[in-house]
$ cat entry-v3.txt   # compact mmCIF, C-alpha atoms
# COMPACT_ATOMS: atom_id res chain seq x y z
CA MET A 1 -2.79 -55.64 -50.09
CA GLY A 2 -2.04 -53.74 -46.93
CA LEU A 3 -0.44 -51.00 -48.94
CA LEU A 4 -3.45 -50.74 -51.10
CA ASN A 5 -5.75 -50.44 -48.12
CA ARG A 6 -3.73 -47.64 -46.68
CA ARG A 7 -3.79 -45.79 -49.93
CA SER A 8 -7.54 -46.08 -50.21
CA ALA A 9 -7.89 -44.76 -46.64
CA ALA A 10 -5.73 -41.80 -47.58
CA ASP A 11 -7.93 -41.18 -50.58
CA SER A 12 -10.98 -40.89 -48.37
CA VAL A 13 -9.51 -37.89 -46.50
CA GLU A 14 -12.14 -35.19 -46.48
CA LYS A 15 -11.39 -31.67 -47.59
CA LEU A 16 -14.15 -29.31 -46.68
CA GLU A 17 -14.54 -25.58 -46.33
CA LYS A 18 -17.21 -23.23 -45.16
CA GLU A 19 -17.89 -19.56 -44.65
CA MET A 20 -19.05 -18.63 -41.14
CA THR A 21 -20.00 -15.31 -39.57
CA ILE A 22 -19.17 -14.33 -36.01
CA ILE A 23 -22.41 -13.18 -34.39
CA ASN A 24 -21.66 -12.76 -30.69
CA ARG A 25 -21.38 -9.14 -29.57
CA LEU A 26 -17.77 -9.14 -28.38
CA GLY A 27 -16.38 -11.16 -31.25
CA LEU A 28 -13.66 -13.80 -31.12
CA HIS A 29 -11.87 -12.63 -27.96
CA ALA A 30 -9.86 -14.76 -25.55
CA ARG A 31 -12.64 -16.88 -24.10
CA PRO A 32 -14.34 -17.76 -27.42
CA ALA A 33 -10.92 -18.38 -28.95
CA ALA A 34 -10.14 -20.86 -26.18
CA MET A 35 -13.49 -22.60 -26.75
CA PHE A 36 -12.85 -22.72 -30.50
CA VAL A 37 -9.44 -24.30 -29.95
CA ARG A 38 -10.86 -26.78 -27.47
CA VAL A 39 -13.38 -28.01 -30.05
CA ALA A 40 -10.84 -27.93 -32.89
CA SER A 41 -8.23 -29.85 -30.89
CA ARG A 42 -10.67 -32.66 -30.22
CA HIS A 43 -10.48 -33.59 -33.91
CA ARG A 44 -7.68 -35.23 -35.83
CA CYS A 45 -8.18 -33.16 -38.96
CA ASP A 46 -6.21 -29.99 -39.67
CA ILE A 47 -8.28 -26.86 -39.33
CA TRP A 48 -7.45 -23.56 -40.96
CA VAL A 49 -9.19 -20.29 -40.33
CA ALA A 50 -8.87 -17.35 -42.71
CA LYS A 51 -10.02 -13.77 -42.46
CA GLU A 52 -9.27 -11.18 -45.13
CA GLY A 53 -6.54 -13.26 -46.70
CA GLU A 54 -4.79 -14.12 -43.43
CA GLU A 55 -4.91 -17.81 -42.57
CA ILE A 56 -3.98 -19.40 -39.26
CA SER A 57 -4.37 -22.78 -37.55
CA GLY A 58 -7.70 -23.25 -35.82
CA LYS A 59 -5.86 -25.00 -33.01
CA SER A 60 -3.89 -21.90 -31.99
CA ILE A 61 -5.40 -19.49 -29.48
CA MET A 62 -2.93 -16.74 -30.26
CA GLY A 63 -3.56 -17.22 -33.98
CA LEU A 64 -7.31 -16.92 -33.60
CA MET A 65 -7.00 -13.82 -31.47
CA MET A 66 -4.64 -12.29 -34.01
CA LEU A 67 -7.44 -12.38 -36.56
CA ALA A 68 -9.35 -9.92 -34.35
CA ALA A 69 -12.64 -11.23 -35.72
CA GLY A 70 -15.28 -8.93 -34.29
CA GLN A 71 -19.04 -9.21 -34.58
CA GLY A 72 -20.05 -9.58 -38.23
CA SER A 73 -16.62 -10.82 -39.39
CA LYS A 74 -16.67 -13.55 -42.01
CA LEU A 75 -14.33 -16.46 -41.42
CA HIS A 76 -13.34 -18.92 -44.07
CA ILE A 77 -12.78 -22.26 -42.34
CA ARG A 78 -11.09 -25.24 -43.96
CA ALA A 79 -10.87 -28.70 -42.48
CA GLU A 80 -8.73 -31.46 -43.86
CA GLY A 81 -8.69 -34.95 -42.42
CA PRO A 82 -10.81 -37.96 -41.64
CA ASP A 83 -13.23 -36.16 -39.33
CA ALA A 84 -13.40 -32.85 -41.19
CA ALA A 85 -17.18 -32.83 -41.59
CA GLN A 86 -17.77 -33.46 -37.91
CA ALA A 87 -15.27 -30.78 -36.93
CA LEU A 88 -16.83 -28.14 -39.17
CA GLN A 89 -20.26 -28.97 -37.86
CA GLU A 90 -19.19 -28.58 -34.24
CA ILE A 91 -17.37 -25.33 -34.92
CA GLU A 92 -20.41 -23.95 -36.68
CA GLN A 93 -22.59 -24.93 -33.72
CA LEU A 94 -20.20 -23.17 -31.37
CA ILE A 95 -20.24 -19.96 -33.40
CA GLN A 96 -24.05 -20.14 -33.76
CA SER A 97 -24.41 -20.56 -30.01
CA ARG A 98 -22.57 -17.21 -29.64
CA PHE A 99 -19.99 -19.02 -27.47
CA ASN A 100 -22.56 -18.99 -24.66
CA GLU A 101 -22.19 -15.23 -24.46
CA ASP A 102 -24.59 -12.26 -24.99
CA MET B 1 -19.73 -7.57 -19.95
CA SER B 2 -19.67 -11.28 -20.58
CA SER B 3 -15.89 -11.42 -20.54
CA GLU B 4 -15.93 -10.87 -16.79
CA PRO B 5 -13.62 -13.36 -15.12
CA ALA B 6 -15.26 -16.26 -13.36
CA VAL B 7 -14.13 -17.06 -9.83
CA GLN B 8 -13.79 -20.54 -8.42
CA THR B 9 -12.60 -21.69 -5.02
CA ILE B 10 -11.14 -25.04 -4.06
CA THR B 11 -11.07 -25.74 -0.35
CA SER B 12 -8.08 -27.48 1.13
CA GLY B 13 -8.70 -31.00 2.34
CA ALA B 14 -6.43 -30.49 5.33
CA GLN B 15 -8.73 -30.76 8.31
CA ARG B 16 -6.55 -31.08 11.34
CA THR B 17 -6.73 -27.52 12.45
CA ASN B 18 -5.45 -27.01 15.94
CA VAL B 19 -5.21 -23.92 18.04
CA PRO B 20 -2.24 -24.60 20.26
CA VAL B 21 -2.24 -24.55 24.05
CA VAL B 22 -0.05 -21.70 25.29
CA THR B 23 1.30 -21.89 28.82
CA VAL B 24 2.86 -18.97 30.64
CA GLY B 25 6.17 -20.85 30.69
CA ALA B 26 6.11 -21.43 26.92
CA PHE B 27 5.22 -17.80 26.29
CA TYR B 28 8.10 -16.68 28.53
CA GLU B 29 10.56 -19.03 26.90
CA ARG B 30 9.62 -17.94 23.39
CA HIS B 31 9.36 -14.20 23.86
CA ALA B 32 11.46 -13.29 26.91
CA LYS B 33 14.12 -11.71 24.76
CA LYS B 34 11.89 -9.69 22.47
CA LEU B 35 9.64 -8.52 25.31
CA GLN B 36 12.60 -8.11 27.71
CA LEU B 37 10.84 -10.20 30.34
CA LYS B 38 12.45 -11.27 33.61
CA LEU B 39 10.79 -13.69 36.00
CA GLU B 40 10.39 -11.93 39.35
CA GLY B 41 8.51 -14.55 41.30
CA GLY B 42 5.71 -17.08 41.36
CA ARG B 43 7.63 -19.73 39.45
CA GLY B 44 4.86 -22.17 40.37
CA GLY B 45 2.54 -20.32 38.00
CA LEU B 46 4.48 -21.12 34.84
CA GLU B 47 2.21 -24.06 34.13
CA ARG B 48 -0.87 -21.87 33.90
CA ARG B 49 -2.49 -21.41 30.52
CA ILE B 50 -2.93 -18.13 28.74
CA ARG B 51 -6.49 -18.50 27.50
CA GLU B 52 -6.89 -15.43 25.35
CA PRO B 53 -4.23 -14.04 23.01
CA THR B 54 -4.22 -10.54 24.38
CA ILE B 55 -3.50 -8.27 27.30
CA ASN B 56 -5.60 -6.69 30.06
CA ARG B 57 -4.87 -3.80 32.37
CA PRO B 58 -6.56 -4.70 35.65
CA GLY B 59 -7.18 -1.15 36.88
CA LEU B 60 -10.87 -1.68 37.58
CA ALA B 61 -10.20 -5.01 39.24
CA LEU B 62 -7.71 -3.38 41.62
CA ALA B 63 -10.43 -0.87 42.44
CA GLY B 64 -12.61 -3.80 43.43
CA PHE B 65 -14.80 -4.05 40.33
CA TYR B 66 -14.81 -7.61 38.97
CA ALA B 67 -17.81 -7.65 36.62
CA TYR B 68 -16.47 -8.29 33.10
CA PHE B 69 -12.96 -8.89 34.39
CA ALA B 70 -10.89 -10.32 31.51
CA GLU B 71 -9.19 -12.96 33.62
CA LYS B 72 -8.16 -15.13 30.67
CA ARG B 73 -5.64 -12.54 29.52
CA VAL B 74 -2.13 -11.60 30.54
CA GLN B 75 -2.47 -8.85 33.18
CA VAL B 76 -0.21 -5.83 32.83
CA LEU B 77 0.49 -3.44 35.69
CA GLY B 78 1.52 -0.17 34.09
CA ALA B 79 2.36 3.12 35.72
CA ALA B 80 -1.33 3.87 36.39
CA GLU B 81 -2.02 0.60 38.21
CA GLN B 82 1.19 0.84 40.16
CA SER B 83 0.62 4.39 41.35
CA TYR B 84 -2.94 3.45 42.25
CA LEU B 85 -1.65 0.61 44.44
CA LYS B 86 0.85 2.94 46.02
CA ASN B 87 -1.89 5.34 47.05
CA LEU B 88 -3.82 2.70 48.96
CA THR B 89 -3.18 1.93 52.60
CA ARG B 90 -0.98 -1.14 53.15
CA PRO B 91 -3.74 -3.50 54.33
CA GLN B 92 -6.05 -2.27 51.56
CA ARG B 93 -3.36 -2.71 48.94
CA ARG B 94 -2.66 -6.25 50.09
CA ARG B 95 -6.34 -7.15 50.08
CA ARG B 96 -6.93 -5.79 46.58
CA PHE B 97 -3.79 -7.37 45.19
CA ARG B 98 -4.66 -10.73 46.77
CA ALA B 99 -8.11 -10.60 45.17
CA LEU B 100 -6.49 -10.05 41.77
CA CYS B 101 -4.08 -12.94 42.28
CA GLN B 102 -6.89 -15.24 43.35
CA ALA B 103 -8.76 -14.68 40.10
CA LYS B 104 -7.89 -17.22 37.39
CA ILE B 105 -5.38 -14.93 35.69
CA PRO B 106 -2.51 -16.51 33.70
CA CYS B 107 0.26 -14.19 34.92
CA LEU B 108 1.24 -10.63 35.79
CA VAL B 109 3.64 -8.32 34.01
CA VAL B 110 5.01 -5.21 35.66
CA SER B 111 6.13 -2.72 33.04
CA ARG B 112 8.45 0.30 33.00
CA GLY B 113 11.06 -1.59 35.02
CA PHE B 114 9.22 -1.30 38.33
CA HIS B 115 9.65 -3.92 41.04
CA LEU B 116 6.82 -5.32 43.08
CA PRO B 117 7.23 -4.44 46.78
CA PRO B 118 8.11 -7.47 48.98
CA ASP B 119 4.68 -7.71 50.60
CA LEU B 120 2.99 -8.04 47.20
CA LEU B 121 5.65 -10.44 45.96
CA ALA B 122 4.81 -12.68 48.91
CA ILE B 123 1.16 -12.72 47.85
CA VAL B 124 2.15 -13.71 44.34
CA GLU B 125 4.26 -16.62 45.62
CA GLU B 126 1.46 -17.77 47.87
CA ALA B 127 -1.14 -17.63 45.04
CA GLY B 128 1.23 -19.30 42.55
CA VAL B 129 0.98 -16.58 39.91
CA ALA B 130 4.09 -15.88 37.86
CA VAL B 131 5.20 -12.24 37.81
CA PHE B 132 7.47 -10.79 35.15
CA ARG B 133 9.22 -7.48 34.95
CA THR B 134 9.95 -5.59 31.75
CA PRO B 135 11.68 -2.25 31.22
CA MET B 136 9.40 -1.56 28.28
CA ILE B 137 6.87 1.26 28.25
CA THR B 138 3.42 -0.18 28.88
CA MET B 139 1.91 0.59 25.46
CA LYS B 140 4.99 -0.69 23.64
CA PHE B 141 4.87 -3.88 25.68
CA ILE B 142 1.15 -4.35 25.04
CA ASN B 143 1.59 -3.97 21.29
CA ALA B 144 4.54 -6.34 21.10
CA ALA B 145 2.99 -8.90 23.43
CA THR B 146 -0.30 -8.90 21.52
CA ILE B 147 1.51 -9.63 18.26
CA ALA B 148 3.53 -12.38 19.93
CA LEU B 149 0.41 -13.93 21.46
CA GLU B 150 -1.54 -13.75 18.20
CA TYR B 151 1.28 -15.66 16.57
CA ASP B 152 1.33 -18.32 19.29
CA PHE B 153 -2.44 -18.75 19.10
CA SER B 154 -2.67 -18.93 15.30
CA PRO B 155 -4.45 -22.01 14.00
CA THR B 156 -2.16 -24.30 12.01
CA VAL B 157 -2.71 -26.95 9.37
CA THR B 158 -0.40 -29.35 7.60
CA GLU B 159 -0.53 -29.11 3.83
CA PHE B 160 0.92 -31.81 1.62
CA GLY B 161 3.01 -29.73 -0.69
CA SER B 162 6.39 -28.06 -1.00
CA MET B 163 6.93 -24.41 -0.25
CA VAL B 164 9.33 -22.22 -2.23
CA ASP B 165 10.08 -18.51 -2.24
CA ILE B 166 10.34 -17.23 -5.82
CA LEU B 167 11.45 -13.59 -5.98
CA GLY B 168 9.41 -12.76 -2.91
CA ILE B 169 6.37 -14.73 -4.01
CA GLY B 170 5.65 -17.65 -1.68
CA VAL B 171 4.50 -20.61 -3.77
CA LEU B 172 2.98 -23.76 -2.31
CA ILE B 173 3.43 -26.60 -4.81
CA ARG B 174 0.91 -29.42 -4.47
CA GLY B 175 0.39 -32.60 -6.42
CA ALA B 176 0.01 -36.33 -6.05
CA SER B 177 3.17 -38.12 -4.97
CA GLY B 178 5.31 -39.07 -7.93
CA VAL B 179 4.06 -36.22 -10.10
CA GLY B 180 7.48 -34.57 -9.78
CA LYS B 181 7.17 -32.05 -6.97
CA SER B 182 10.65 -32.57 -5.60
CA GLU B 183 12.34 -32.45 -9.01
CA CYS B 184 10.51 -29.25 -9.68
CA VAL B 185 11.59 -27.78 -6.32
CA LEU B 186 15.18 -28.78 -7.10
CA GLY B 187 14.93 -26.97 -10.41
CA LEU B 188 13.74 -23.85 -8.61
CA ILE B 189 16.55 -24.04 -6.02
CA GLU B 190 19.04 -24.38 -8.86
CA ARG B 191 17.66 -21.20 -10.36
CA GLY B 192 18.54 -19.44 -7.12
CA TYR B 193 15.22 -19.49 -5.26
CA SER B 194 14.80 -20.60 -1.67
CA LEU B 195 13.21 -23.68 -0.19
CA VAL B 196 10.93 -23.26 2.80
CA SER B 197 9.72 -26.83 3.11
CA ASP B 198 9.75 -30.03 1.09
CA ASP B 199 6.65 -32.18 0.71
CA VAL B 200 5.04 -31.34 4.07
CA THR B 201 4.39 -27.73 5.00
CA ARG B 202 2.94 -26.22 8.14
CA VAL B 203 0.64 -23.33 7.39
CA LYS B 204 -0.41 -20.84 10.03
CA SER B 205 -3.18 -18.28 9.72
CA LEU B 206 -2.03 -14.93 11.05
CA GLU B 207 -5.04 -13.11 12.48
CA GLY B 208 -7.11 -14.49 9.60
CA ARG B 209 -5.32 -12.08 7.27
CA GLU B 210 -2.49 -14.05 5.75
CA LEU B 211 -0.98 -17.50 5.71
CA MET B 212 2.54 -18.16 6.91
CA ALA B 213 4.25 -21.35 5.81
CA THR B 214 7.15 -23.05 7.49
CA ALA B 215 8.78 -26.48 7.63
CA PRO B 216 8.14 -28.99 10.39
CA ASP B 217 11.15 -28.86 12.76
CA VAL B 218 12.25 -32.39 11.92
CA THR B 219 12.42 -32.02 8.14
CA ARG B 220 13.62 -28.41 7.93
CA TYR B 221 16.43 -27.85 5.36
CA HIS B 222 16.02 -31.37 4.01
CA MET B 223 14.49 -32.85 0.91
CA GLU B 224 13.82 -36.30 -0.32
CA VAL B 225 14.68 -36.85 -3.97
CA ARG B 226 13.70 -40.10 -5.63
CA GLY B 227 16.79 -42.04 -6.59
CA ILE B 228 19.16 -39.94 -4.49
CA GLY B 229 17.63 -40.05 -1.06
CA ILE B 230 17.59 -37.42 1.64
CA ILE B 231 19.74 -34.38 0.99
CA ASN B 232 20.61 -31.44 3.20
CA VAL B 233 19.74 -28.43 1.11
CA VAL B 234 22.01 -26.07 3.06
CA SER B 235 25.04 -28.34 2.63
CA VAL B 236 24.42 -28.94 -1.06
CA PHE B 237 23.24 -25.52 -2.22
CA GLY B 238 24.32 -23.10 0.51
CA ILE B 239 22.47 -21.02 3.05
CA GLY B 240 20.86 -18.88 0.34
CA ALA B 241 18.85 -21.88 -0.78
CA ILE B 242 16.65 -21.94 2.30
CA ARG B 243 14.25 -19.71 4.09
CA ILE B 244 12.64 -20.24 7.50
CA GLU B 245 9.16 -19.00 6.72
CA LYS B 246 7.27 -17.32 3.92
CA ARG B 247 3.79 -16.00 3.31
CA VAL B 248 1.71 -18.13 0.91
CA ASP B 249 0.94 -15.97 -2.14
CA LEU B 250 0.18 -18.63 -4.74
CA VAL B 251 -0.82 -22.28 -4.75
CA VAL B 252 0.20 -24.39 -7.74
CA THR B 253 -1.26 -27.84 -8.25
CA LEU B 254 0.67 -30.17 -10.55
CA LYS B 255 -1.55 -32.66 -12.34
CA ASP B 256 -0.82 -35.42 -14.76
CA TRP B 257 -1.61 -34.28 -18.31
CA GLN B 258 -3.92 -37.23 -18.88
CA GLU B 259 -5.96 -36.65 -15.74
CA LEU B 260 -6.80 -33.10 -16.73
CA GLU B 261 -9.85 -32.72 -18.88
CA GLU B 262 -9.76 -29.03 -19.50
CA VAL B 263 -6.80 -26.81 -19.07
CA ASP B 264 -7.14 -23.07 -18.63
CA ARG B 265 -5.51 -21.66 -21.72
CA ILE B 266 -6.04 -17.97 -21.21
CA GLY B 267 -5.89 -17.24 -17.48
CA LEU B 268 -8.89 -14.93 -17.43
CA ASP B 269 -10.75 -16.84 -14.78
CA ARG B 270 -9.53 -16.63 -11.24
CA GLU B 271 -9.25 -19.67 -9.07
CA PHE B 272 -8.58 -19.80 -5.36
CA TYR B 273 -7.37 -22.41 -2.95
CA GLU B 274 -8.71 -22.00 0.56
CA ILE B 275 -6.59 -22.76 3.60
CA LEU B 276 -7.84 -21.87 7.09
CA LYS B 277 -10.61 -19.74 5.55
CA ILE B 278 -8.10 -17.65 3.63
CA GLN B 279 -8.27 -17.68 -0.16
CA VAL B 280 -5.01 -17.88 -2.05
CA PRO B 281 -4.75 -17.56 -5.86
CA HIS B 282 -4.47 -21.01 -7.40
CA ILE B 283 -3.42 -22.42 -10.75
CA THR B 284 -3.20 -25.95 -12.12
CA ILE B 285 -0.23 -26.89 -14.26
CA PRO B 286 -0.45 -30.01 -16.42
CA VAL B 287 2.65 -32.19 -16.13
CA ARG B 288 4.01 -34.05 -19.11
CA PRO B 289 7.46 -35.55 -19.67
CA GLY B 290 9.80 -32.98 -21.15
CA ARG B 291 7.92 -29.98 -19.81
CA ASP B 292 10.12 -27.75 -17.69
CA ILE B 293 7.75 -27.42 -14.75
CA ALA B 294 10.18 -25.38 -12.63
CA ARG B 295 10.34 -22.79 -15.39
CA LEU B 296 6.54 -22.72 -15.65
CA ILE B 297 6.16 -22.20 -11.91
CA GLU B 298 8.74 -19.43 -12.05
CA VAL B 299 6.71 -17.63 -14.71
CA ALA B 300 3.47 -18.25 -12.79
CA ALA B 301 5.03 -16.66 -9.71
CA MET B 302 6.14 -13.62 -11.67
CA ASP B 303 2.71 -13.27 -13.26
CA GLN B 304 1.26 -13.42 -9.75
CA LYS B 305 3.63 -10.64 -8.74
CA LEU B 306 2.31 -8.54 -11.63
CA LYS B 307 -1.25 -9.24 -10.51
CA GLY B 308 -0.27 -8.06 -7.04
CA LEU B 309 0.66 -4.76 -8.66
CA GLY B 310 -2.78 -4.66 -10.28
CA LEU B 311 -1.58 -5.83 -13.68
CA ASN B 312 -3.56 -8.75 -15.07
CA SER B 313 -1.89 -9.63 -18.39
CA ALA B 314 -4.70 -11.82 -19.69
CA LEU B 315 -7.45 -9.37 -18.81
CA GLU B 316 -5.59 -6.41 -20.25
CA PHE B 317 -4.79 -8.24 -23.45
CA ASN B 318 -8.39 -9.30 -23.89
CA ASN B 319 -9.80 -5.84 -23.24
CA LYS B 320 -7.43 -4.45 -25.84
CA LEU B 321 -8.51 -7.10 -28.32
CA ILE B 322 -12.20 -6.44 -27.69
CA SER B 323 -11.86 -2.69 -28.18
CA LEU B 324 -9.84 -3.29 -31.36
CA MET B 325 -12.64 -5.45 -32.74
CA GLU B 326 -15.25 -2.91 -31.71
CA ALA B 327 -13.32 -0.16 -33.48
CA GLN B 328 -13.14 -2.24 -36.65
CA GLY B 329 -16.85 -2.97 -36.60
CA SER B 330 -17.98 0.62 -36.23

$ encode --input "entry-v3.txt" --output "structure tokens"
Amino acid sequence: MGLLNRRSAADSVEKLEKEMTIINRLGLHARPAAMFVRVASRHRCDIWVAKEGEEISGKSIMGLMMLAAGQGSKLHIRAEGPDAAQALQEIEQLIQSRFNED
Amino acid sequence: MSSEPAVQTITSGAQRTNVPVVTVGAFYERHAKKLQLKLEGGRGGLERRIREPTINRPGLALAGFYAYFAEKRVQVLGAAEQSYLKNLTRPQRRRRFRALCQAKIPCLVVSRGFHLPPDLLAIVEEAGVAVFRTPMITMKFINAATIALEYDFSPTVTEFGSMVDILGIGVLIRGASGVGKSECVLGLIERGYSLVSDDVTRVKSLEGRELMATAPDVTRYHMEVRGIGIINVVSVFGIGAIRIEKRVDLVVTLKDWQELEEVDRIGLDREFYEILKIQVPHITIPVRPGRDIARLIEVAAMDQKLKGLGLNSALEFNNKLISLMEAQGS
């Protein structure tokens, strides 16, 4: 019974992805990257961020900065885990808010 | 540009600032060697207080002009004052000199190796004003004595933290007791750096320009390590492991990982810790079992050294990244 429950919980793991565009003027530099990671790290799900075929963990500041995602860059963001939907929503909000810049 | 670093200042909670009382005797005892002072007379005046940390040349006072006389300061009789006295008639000279000694001056210093004539020495004894002789040239003496007095008069506070010298960068390590300050200091000593003070550090403001840290006399060269007890750092690690005093260049606060809500991950924003109205660069390091805190502090000190040379790694990196992204976009 317990085993079965666990399996059904595992089945409910969300896998979501979304395309997002960086709109703040300076792009995803150190400060926005740190804010991104702060939001991503609050969630249990795995988060992956891809740009032009390069994919890194959304919980790594150095990774995010490596993408050099300037204004207008399109990011492909995947979230995998129990709170994936929530995570994607918060990340989208953060990007939409221009990381409190501009 | 919105990537400008933010600046934040934390003010030290240490409140017990005290400007010490400096008596003529204490000043003499501390600086006689450096200032080449010899007590000539007026031993009774050693208890007097020096009330301002500087020097005065009482030329105008000897001429009889006492408005704005800086009587709180150490009075220096240089060649000019002495030759002026010599040119007066004996009774006049005695009268003028007595008037000077009856003012509330702390003490007299006769420079250039001159001696006071016996009649003036008698006046000094009678007035109870200590007189010193120094072979130094007046200006040299004034400069050296002013520095010495500034030091003696510097306000001092006690900070709860350990002080270590890391490659010439003085680091004050703060943190709640039990967070692992002493272990961290031990780690730094083992790496070859020098201990200034463990757990309690006296910090002095030098002319409001910089902070000098030293150990309280009682605890100097000693540390308390949980589980081992009190150790003598010189005996265990050698004389290279200690240092008498060091300027405070960086303040590091160790905080339990769980108590920290947000950790600075990029180091773009500058934070300061204020002691005696002087702002010192400050960083907070989260402590977690298994983290080599000594190593982290070592790197923080070296990064601070780079910043001192005008090289801010985080800022430079970020500016490079921003211009790269701008180039891609255009």

$ interface_residues --input "entry-v3.txt" --of "chain A" --to "chain B" --cutoff "10 Å" --atoms "all atoms listed in the file" --output "CSV table (one decimal) with C-alpha atoms, in the frame of the given file"
chain,number,residue,atom,x,y,z
A,25,ARG,CA,-21.4,-9.1,-29.6
A,26,LEU,CA,-17.8,-9.1,-28.4
A,27,GLY,CA,-16.4,-11.2,-31.2
A,28,LEU,CA,-13.7,-13.8,-31.1
A,29,HIS,CA,-11.9,-12.6,-28.0
A,30,ALA,CA,-9.9,-14.8,-25.6
A,31,ARG,CA,-12.6,-16.9,-24.1
A,32,PRO,CA,-14.3,-17.8,-27.4
A,33,ALA,CA,-10.9,-18.4,-29.0
A,34,ALA,CA,-10.1,-20.9,-26.2
A,35,MET,CA,-13.5,-22.6,-26.8
A,37,VAL,CA,-9.4,-24.3,-30.0
A,38,ARG,CA,-10.9,-26.8,-27.5
A,61,ILE,CA,-5.4,-19.5,-29.5
A,62,MET,CA,-2.9,-16.7,-30.3
A,65,MET,CA,-7.0,-13.8,-31.5
A,66,MET,CA,-4.6,-12.3,-34.0
A,67,LEU,CA,-7.4,-12.4,-36.6
A,68,ALA,CA,-9.4,-9.9,-34.4
A,69,ALA,CA,-12.6,-11.2,-35.7
A,70,GLY,CA,-15.3,-8.9,-34.3
A,71,GLN,CA,-19.0,-9.2,-34.6
A,72,GLY,CA,-20.0,-9.6,-38.2
A,73,SER,CA,-16.6,-10.8,-39.4
A,100,ASN,CA,-22.6,-19.0,-24.7
A,101,GLU,CA,-22.2,-15.2,-24.5
A,102,ASP,CA,-24.6,-12.3,-25.0

$ atom_distance --input "entry-v3.txt" --atom1 "atom CA of Ala294 of chain B" --atom2 "atom CA of Ile189 of chain B"
9.3 Å

$ residues_near_point --input "entry-v3.txt" --point "(1.0, -16.8, 28.0)" --cutoff "12 Å" --atoms "all atoms listed in the file" --output "NGL selection string"
:B and (20-32 or 45-55 or 72-75 or 105-109 or 129-132 or 145-146 or 148-153)

$ residues_around --input "entry-v3.txt" --residues "Leu88 of chain A" --least-positions-apart "2" --cutoff "12 Å" --atoms "all atoms listed in the file" --output "PyMOL selection string"
chain A and resi 14-20+36+39-40+42-43+45-49+58+76-86+90-95

$ axis_aligned_box --input "entry-v3.txt" --around "segment 128-147 of chain B" --padding-each-side "5 Å" --output "JSON"
{"center_x": 5.7, "center_y": -9.0, "center_z": 30.4, "size_x": 22.0, "size_y": 30.6, "size_z": 34.3}

$ closest_atom_pairs --input "entry-v3.txt" --of "segment 101-161 of chain B" --to "segment 198-212 of chain B" --cutoff "6 Å" --atoms "only C-alpha atoms" --output "JSON lines"
{"residue": "B:Ser154", "atom": "CA", "partner": "B:Ser205", "partner_atom": "CA", "distance": 5.6}
{"residue": "B:Pro155", "atom": "CA", "partner": "B:Lys204", "partner_atom": "CA", "distance": 5.8}
{"residue": "B:Thr156", "atom": "CA", "partner": "B:Lys204", "partner_atom": "CA", "distance": 4.4}
{"residue": "B:Val157", "atom": "CA", "partner": "B:Val203", "partner_atom": "CA", "distance": 5.3}
{"residue": "B:Thr158", "atom": "CA", "partner": "B:Arg202", "partner_atom": "CA", "distance": 4.6}
{"residue": "B:Glu159", "atom": "CA", "partner": "B:Thr201", "partner_atom": "CA", "distance": 5.2}
{"residue": "B:Phe160", "atom": "CA", "partner": "B:Val200", "partner_atom": "CA", "distance": 4.8}
{"residue": "B:Gly161", "atom": "CA", "partner": "B:Asp199", "partner_atom": "CA", "distance": 4.6}

$ write_last_selection --input "entry-v3.txt" --atoms "C-alpha atoms" --output "mmCIF file, in the frame of the given file"
data_model
loop_
_atom_site.group_PDB
_atom_site.id
_atom_site.type_symbol
_atom_site.label_atom_id
_atom_site.label_comp_id
_atom_site.auth_asym_id
_atom_site.auth_seq_id
_atom_site.Cartn_x
_atom_site.Cartn_y
_atom_site.Cartn_z
ATOM 1 C CA SER B 154 -2.670 -18.930 15.300
ATOM 2 C CA PRO B 155 -4.450 -22.010 14.000
ATOM 3 C CA THR B 156 -2.160 -24.300 12.010
ATOM 4 C CA VAL B 157 -2.710 -26.950 9.370
ATOM 5 C CA THR B 158 -0.400 -29.350 7.600
ATOM 6 C CA GLU B 159 -0.530 -29.110 3.830
ATOM 7 C CA PHE B 160 0.920 -31.810 1.620
ATOM 8 C CA GLY B 161 3.010 -29.730 -0.690
#

$ atom_distance --input "entry-v3.txt" --atom1 "atom CA of Ile10 of chain B" --atom2 "atom CA of Leu250 of chain B"
13.0 Å

$ closest_residue --input "entry-v3.txt" --among "B:Val236, B:Pro91, B:Val196, B:Tyr68" --to "Thr219 of chain B" --atoms "only C-alpha atoms"
B:Val196

$ closest_residue --input "entry-v3.txt" --among "B:Lys140, B:His282, B:Arg93, B:Lys305" --to "Lys34 of chain B" --atoms "only C-alpha atoms"
B:Lys140

$ atom_distance --input "entry-v3.txt" --atom1 "atom CA of Tyr84 of chain B" --atom2 "atom CA of Lys33 of chain B"
28.8 Å

$ residues_around --input "entry-v3.txt" --residues "Met163 of chain B" --least-positions-apart "6" --cutoff "6 Å" --atoms "only C-alpha atoms" --output "number ranges by chain"
B: 171-172, 196-197

$ residues_around --input "entry-v3.txt" --residues "Val280 of chain B" --least-positions-apart "2" --cutoff "7 Å" --atoms "only C-alpha atoms" --output "number ranges by chain"
B: 249-251, 272-274, 278, 282

$ closest_residue --input "entry-v3.txt" --among "B:Asp256, B:Ser111, B:Leu62, B:Pro117" --to "Gln92 of chain B" --atoms "all atoms listed in the file"
B:Leu62

$ residues_around --input "entry-v3.txt" --residues "Gln258 of chain B" --least-positions-apart "3" --cutoff "10 Å" --atoms "all atoms listed in the file" --output "list in words"
Lys255, Glu261, Pro286, Val287 and Arg288 of chain B

$ closest_residue --input "entry-v3.txt" --among "B:Ala70, B:Ile239, B:Leu37, B:Leu88" --to "Leu195 of chain B" --atoms "only C-alpha atoms"
B:Ile239
